[in-house]
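Heads up: the structure comes next, in structure tokens.
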Amino acid sequence: MTTFLGFYTPLMTDCSSDSTTASTELVSYIDHTLDQTLVFPQKDKSRPKTSFLFSAFSVHSDSDSLSDHHFHSIQLDDLRHDIDRSKHDNQTCHNCVSALNAAKLIIKTPDLLKSAAKTICKTSDEVDRVCVGTLNVMADPIVYILQNSKITVPEMCAILLEPDCMAHLGKAITPQVNWVLDLPKHKPFNPVSGSGREQKMLHLTDVHLDLYYTPGSNSMCDEPMCCRSTSYGHNHSAGYWSEPAKDCDTPRNFIDESIKHMAESHKDIDLVIWTGDNAPHDSWNSSQQENLDHNKAMADLVKKSFDNKNIFPCIGNHEPHPFNMYVPEEVSIKTDKYLSLSWLYDTLADDYWSQWINTPTAKKTFKKGGYYSKQVTDGLKIVVLNNNVCISRNYWLAYDPVDPDGQLKWFIDELDSAETNGLYVMIITHMPLMYCYMSWANNYIRIMERYDHIIVGTYLGHTHSDEIEYCLYIIVGTYLGHTHSDEIEVLYNKNTTTNETYPISHAYIGSSIASFSYLNPGYKVFTLDSTGRPLDFDIYYTNMTADNIAGKDVIPKWSSDKSLKSIYGLDSLSTDSWHKFLENIQTDDKLLKLYMDHLHRYSYDYEKYYLRSLGITDTK
């Protein structure tokens with residue numbers, strides 16, 4: 001028996017009827033309606049339009065599968081994976097429009113999407129618990145976005161996939177897809193004199209605490225994150241301290257020892273930058289309270305260990321629930337906080353992080369959109385951005401993509417004020433720019449180039465491994481990517497007259513405490529000059545395989561590579577020096593090998609599992 005879910009049409013009268021009662025009239029109505037809404041490429045004109053509808057929204061109550069033709073068409077889960085893979089060819093763009101048009105027509109309530117989740121997930125390559133769980137936690141925001149978006153469906157696809165979808169769909173680029181913020185004119189910069197004293201700065205990031213980590217559990221399982229008592233799979237036992245062999249987050253006992261080690265070994269540090277992702281990777285199984293619990297546990301530990309230090313925390317893409325989803329303030333107001341991040345922003349600003357976000361102005365902007373600024377010294381301001389809003393996995397971009405929560409306009413105002421008052425600026429955020437959609441990235445690049453003379457450093461998280469990333473951004477059209485590595489990010493622009501590229505800025509992406517995936521845990525310590533500009537940095541790491549072999553009674557042993565400036569043969573840590581390093585690494589195998597060692601922090605598991613999975617066997 002087939003049960004059709006409750007379509008919101010005047011023709012549906014019995015939502016529990018047998019499939020034989022699904023009238024020809026209903027199918028004809030749906031076909032007629034979809035004729036007006038679905039967009040198929042020329043070669044797919046003959047595709048049965050109702051097959052998408054039935055494959056996505058019909059449920060068999062006494063049959064173990066739907067017929068194959070029901071799943072021939074596009075499904076929402078396919079679109080989710082296309083977004084994750086940044087796929088944006090002609091077929092994918094048309095598929096996106098078809099899927100969203102059908103979803104807008106049919107999915108009127110979150111309950112309807114939740115009821116259809118098992119059917120939608122039948123063709124997913126994820127296990128049911130992950131796919132169904134993801135759709136369940138995403139149902140409320142997805143339905144709101146579908147039914148209330150300020151932009152057209154083609155624009156939604158251009159934002160979530162790539163702007164060239166507009167060309168594939170025969171549409172012109174619109175101001176919603178390519179928006180541009182005004183920049184103030186240049187003015188004289190007269191820097192305030194610094195203290196003359198060098199400073200030490202600890203970069204802590206991507207802890208991914210897992211309060212449910214279970215030593216001895218399966219570290220290789222059928223879900224995106226393992227090492228829990230509920231992880232069923234391949235009988236690869238999770239280590240006591242952590243597990244670098246696959247996709248596992250960090251147990252509390254290792255984090256306790258790691259933070260204790262940092263505090264005791266680096267008593268000379270002046271400030272700590274903490275660039276997000278304290279919650280685990282189990283996004284299909286998360287909740288607001290569990291994310292708060294993980295953030296509170298980390299905040300308590302940082303307070304205890306670095307009580308007398310300047311701490312500058314920012315949020316990562318795993319802090320919200322659902323993860324990656326940054327609800328605009330406008331929607332929070334319209335829904336009376338039913339769809340809102342006030343539960344996260346307010347709790348952090350008023351409680352967990354209140355001693356660090358401790359000015360009225362900082363609290364106000366953080367509660368609006370998770371960003372703030374503070375002046376550290378007479379001559380240095382730190383700006384903390386929430387650039388998680390810019391990634392394509394933040395589906396709220398499909399509601400309104402233009403400068404979410406006014407953050408970039410605020411960023412311009414902060415930099416312009418700093419320029420007027422003779423202050424240098426350090427930028428802290430979580431997401432490397434290569435993950436951001438075109439217009440956000442283009443505006444950010446324009447801002448960075450305009451104020452490059454006052455920006456002394458940019459520090460990021462998210463990617464987990466020490467890596468150098470070449471990013472070319474052209475103001476007239478940008479195409480971006482996504483990795484999960486810790487890197488130096490060098491940003492380039494292009495002179496559209498001469499066609500020449502040139503470096504404009506760079507950013508440091510921190511070593512993750514989490515071993516996820518195939519990595520040894522690590523962190524960095526920077527030496528800054530009196531203006532806040534980095535002079536040098538050291539990398540610290542521990543061999544997690546050896547730590548686990550030594551056992552629970554032996555505290556993990558940390559090693560270091562000191563002075564990366566000297567190790568890499570850099571003249572300085574300027575953007576030009578990192579640009580030259582990128583050129584040298586193309587032909588210097590020894591330098592490349594050293595860089596690769598730092599990328600995964602000498603992880604045996606990285607070379608054993610990850611590189612071999614890519615077909616790379618010679619890493620010497």
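Residues are named by chain letter and number: chains run A, B, ... in the order of the structure tokens, numbers start at 1 in each chain, and ligands are numbered from 1 in the order shown.
The environment of segment 279-284 of chain A within 6 Å, counting only C-alpha atoms and disregarding residues fewer than 5 places along the same chain, consists of Val130, Gly133, Thr134, His208, Leu209, Asp210, Asn291, His294, His318 and Glu319 of chain A.
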Only N, CA and C atoms, please: the residues just picked out, written as a PDB file, in the first residue's frame.
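As a result, again.pdb now contains:
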ATOM      1  N   VAL A 130      22.082   8.887   9.556  1.00  0.00           N
ATOM      2  CA  VAL A 130      22.736  10.149   9.216  1.00  0.00           C
ATOM      3  C   VAL A 130      21.862  10.975   8.274  1.00  0.00           C
ATOM      4  N   GLY A 133      18.471  11.807   9.947  1.00  0.00           N
ATOM      5  CA  GLY A 133      18.739  12.735  11.043  1.00  0.00           C
ATOM      6  C   GLY A 133      19.057  14.124  10.546  1.00  0.00           C
ATOM      7  N   THR A 134      19.836  14.212   9.463  1.00  0.00           N
ATOM      8  CA  THR A 134      20.185  15.513   8.891  1.00  0.00           C
ATOM      9  C   THR A 134      18.940  16.240   8.384  1.00  0.00           C
ATOM     10  N   HIS A 208      36.935  20.401  18.810  1.00  0.00           N
ATOM     11  CA  HIS A 208      35.926  19.366  18.565  1.00  0.00           C
ATOM     12  C   HIS A 208      35.853  18.379  19.734  1.00  0.00           C
ATOM     13  N   LEU A 209      35.598  18.928  20.878  1.00  0.00           N
ATOM     14  CA  LEU A 209      35.388  18.103  22.069  1.00  0.00           C
ATOM     15  C   LEU A 209      34.227  17.134  21.832  1.00  0.00           C
ATOM     16  N   ASP A 210      34.412  15.887  22.252  1.00  0.00           N
ATOM     17  CA  ASP A 210      33.324  14.904  22.201  1.00  0.00           C
ATOM     18  C   ASP A 210      33.156  14.296  23.594  1.00  0.00           C
ATOM     19  N   ASN A 291      25.258  21.254  22.042  1.00  0.00           N
ATOM     20  CA  ASN A 291      26.264  22.201  21.562  1.00  0.00           C
ATOM     21  C   ASN A 291      26.660  23.184  22.657  1.00  0.00           C
ATOM     22  N   HIS A 294      29.023  21.408  25.204  1.00  0.00           N
ATOM     23  CA  HIS A 294      30.409  21.285  24.736  1.00  0.00           C
ATOM     24  C   HIS A 294      31.120  22.640  24.791  1.00  0.00           C
ATOM     25  N   HIS A 318      30.460  24.673  13.491  1.00  0.00           N
ATOM     26  CA  HIS A 318      29.816  23.601  14.255  1.00  0.00           C
ATOM     27  C   HIS A 318      29.163  24.098  15.544  1.00  0.00           C
ATOM     28  N   GLU A 319      29.258  25.363  15.846  1.00  0.00           N
ATOM     29  CA  GLU A 319      28.623  25.871  17.062  1.00  0.00           C
ATOM     30  C   GLU A 319      27.095  25.936  16.978  1.00  0.00           C
TER      31      GLU A 319
END
Applying 8 Å and only C-alpha atoms, which residues near segment 379-389 of chain A remain after dropping the ones on its own chain fewer than 2 positions away? List them as a ChimeraX atom specification. /A:191-194,312-317,324-326,369-377,391,394,397,404,407,411,414,418,422-431,531-532
With only C-alpha atoms as the counted atoms, please give the residues lying no more than 12 Å from Ile585 of chain A, apart from itself and same-chain residues fewer than 4 positions off, as a list of chain:residue names.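 What passes the distance filter is A:Ile468, A:Glu469, A:Tyr470, A:Tyr568, A:Gly569, A:Trp578, A:His579, A:Lys580, A:Phe581, A:Asp589, A:Lys590, A:Leu591, A:Leu592, A:Lys593, A:Leu594, A:Tyr595, A:Met596.
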For Leu528 of chain A: contacts at 8 Å, only C-alpha atoms, fewer than 3 positions along chain excluded, given as a list in words: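 After dropping sequence-adjacent residues, the list is Glu198, Gln199, Lys200, Met201, Thr531, Gly532, Arg533, Pro534, Leu535 and Asp536 of chain A.
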Among segment 303-427 of chain A, which ones does DSSP place in strand (DSSP E), written as a list in words?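 Answer for segment 303-427 of chain A, restricted to strand (DSSP E): Asn310, Ile311, Phe312, Pro313, Tyr372, Ser373, Lys374, Gln375, Val376, Thr377, Leu380, Lys381, Ile382, Val383, Val384, Tyr424, Val425, Met426 and Ile427 of chain A.
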Just want the 7 Å neighbourhood of Pro251 of chain A, counted on only C-alpha atoms, with same-chain residues fewer than 3 positions away dropped. Output as a PDB file with C-alpha atoms, in the first residue's frame.
ATOM      1  CA  LEU A 209      35.388  18.103  22.069  1.00  0.00           C
ATOM      2  CA  ASP A 210      33.324  14.904  22.201  1.00  0.00           C
ATOM      3  CA  LEU A 211      31.889  14.274  25.648  1.00  0.00           C
ATOM      4  CA  TYR A 213      34.040   9.614  23.105  1.00  0.00           C
ATOM      5  CA  TRP A 241      43.869   9.681  24.231  1.00  0.00           C
ATOM      6  CA  SER A 242      42.312  10.213  20.801  1.00  0.00           C
ATOM      7  CA  PHE A 254      43.092  14.614  26.122  1.00  0.00           C
ATOM      8  CA  ILE A 255      41.771  18.161  25.974  1.00  0.00           C
TER       9      ILE A 255
END
Would you please give, as number ranges by chain, all residues of segment 383-573 of chain A that DSSP assigns to helix (DSSP H, G or I) based on the backbone? A: 387-390, 395-398, 404-420, 433-435, 438-450, 544-550, 564-567
Would you list the contacts of Asn295 of chain A as a PyMOL selection string, taking every protein, DNA or RNA residue within 9 Å and counting only C-alpha atoms, but skipping same-chain residues closer than 2 positions in sequence? chain A and resi 209+277-279+290-293+297-300+319+348+352
Taking 4 positions as the minimum chain separation for residues in the same chain, which residues sit within 9 Å of Asp111 of chain A when counting only C-alpha atoms? Answer as a VMD selection string. chain A and resid 107 115 to 116 136 139 to 140
Go ahead and write the selection's residues with N, CA and C atoms as a PDB file, in the first residue's frame.
ATOM      1  N   ILE A 107       6.440  21.083  -0.286  1.00  0.00           N
ATOM      2  CA  ILE A 107       6.831  21.050   1.131  1.00  0.00           C
ATOM      3  C   ILE A 107       6.387  22.337   1.803  1.00  0.00           C
ATOM      4  N   SER A 115       8.437  13.648   7.507  1.00  0.00           N
ATOM      5  CA  SER A 115       7.734  12.411   7.175  1.00  0.00           C
ATOM      6  C   SER A 115       8.295  11.774   5.911  1.00  0.00           C
ATOM      7  N   ALA A 116       8.786  12.592   5.005  1.00  0.00           N
ATOM      8  CA  ALA A 116       9.321  12.088   3.737  1.00  0.00           C
ATOM      9  C   ALA A 116      10.800  11.729   3.821  1.00  0.00           C
ATOM     10  N   ASN A 136      15.881  15.779   9.329  1.00  0.00           N
ATOM     11  CA  ASN A 136      15.020  16.123  10.465  1.00  0.00           C
ATOM     12  C   ASN A 136      15.467  17.402  11.154  1.00  0.00           C
ATOM     13  N   ALA A 139      14.832  20.468   8.813  1.00  0.00           N
ATOM     14  CA  ALA A 139      13.496  20.663   8.239  1.00  0.00           C
ATOM     15  C   ALA A 139      12.951  22.063   8.473  1.00  0.00           C
ATOM     16  N   ASP A 140      13.020  22.563   9.701  1.00  0.00           N
ATOM     17  CA  ASP A 140      12.446  23.881  10.000  1.00  0.00           C
ATOM     18  C   ASP A 140      13.077  24.990   9.168  1.00  0.00           C
TER      19      ASP A 140
END
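Computed from the coordinates, the atom CA of Gly457 of chain A to atom CA of Ile504 of chain A distance equals 12.3 Å.
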May I ask which of the residues A:Asp249, A:Ser217, A:Thr420, A:Ser305 is the closest one to Glu264 of chain A, counting only C-alpha atoms?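 Result for the nearest residue to Glu264 of chain A: A:Ser305.
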I'd like to know which of A:Val525, A:Ile555, A:Ile455, A:Cys390 is closest to Met438 of chain A, using only C-alpha atoms.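 For Met438 of chain A, the nearest of the given residues is A:Cys390.
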Smallest atom-to-atom distance to Ser265 of chain A: which of A:Lys114, A:Ser559, A:Gln91, A:Glu162, using only C-alpha atoms?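 Counting only C-alpha atoms, the residue closest to Ser265 of chain A is A:Ser559.
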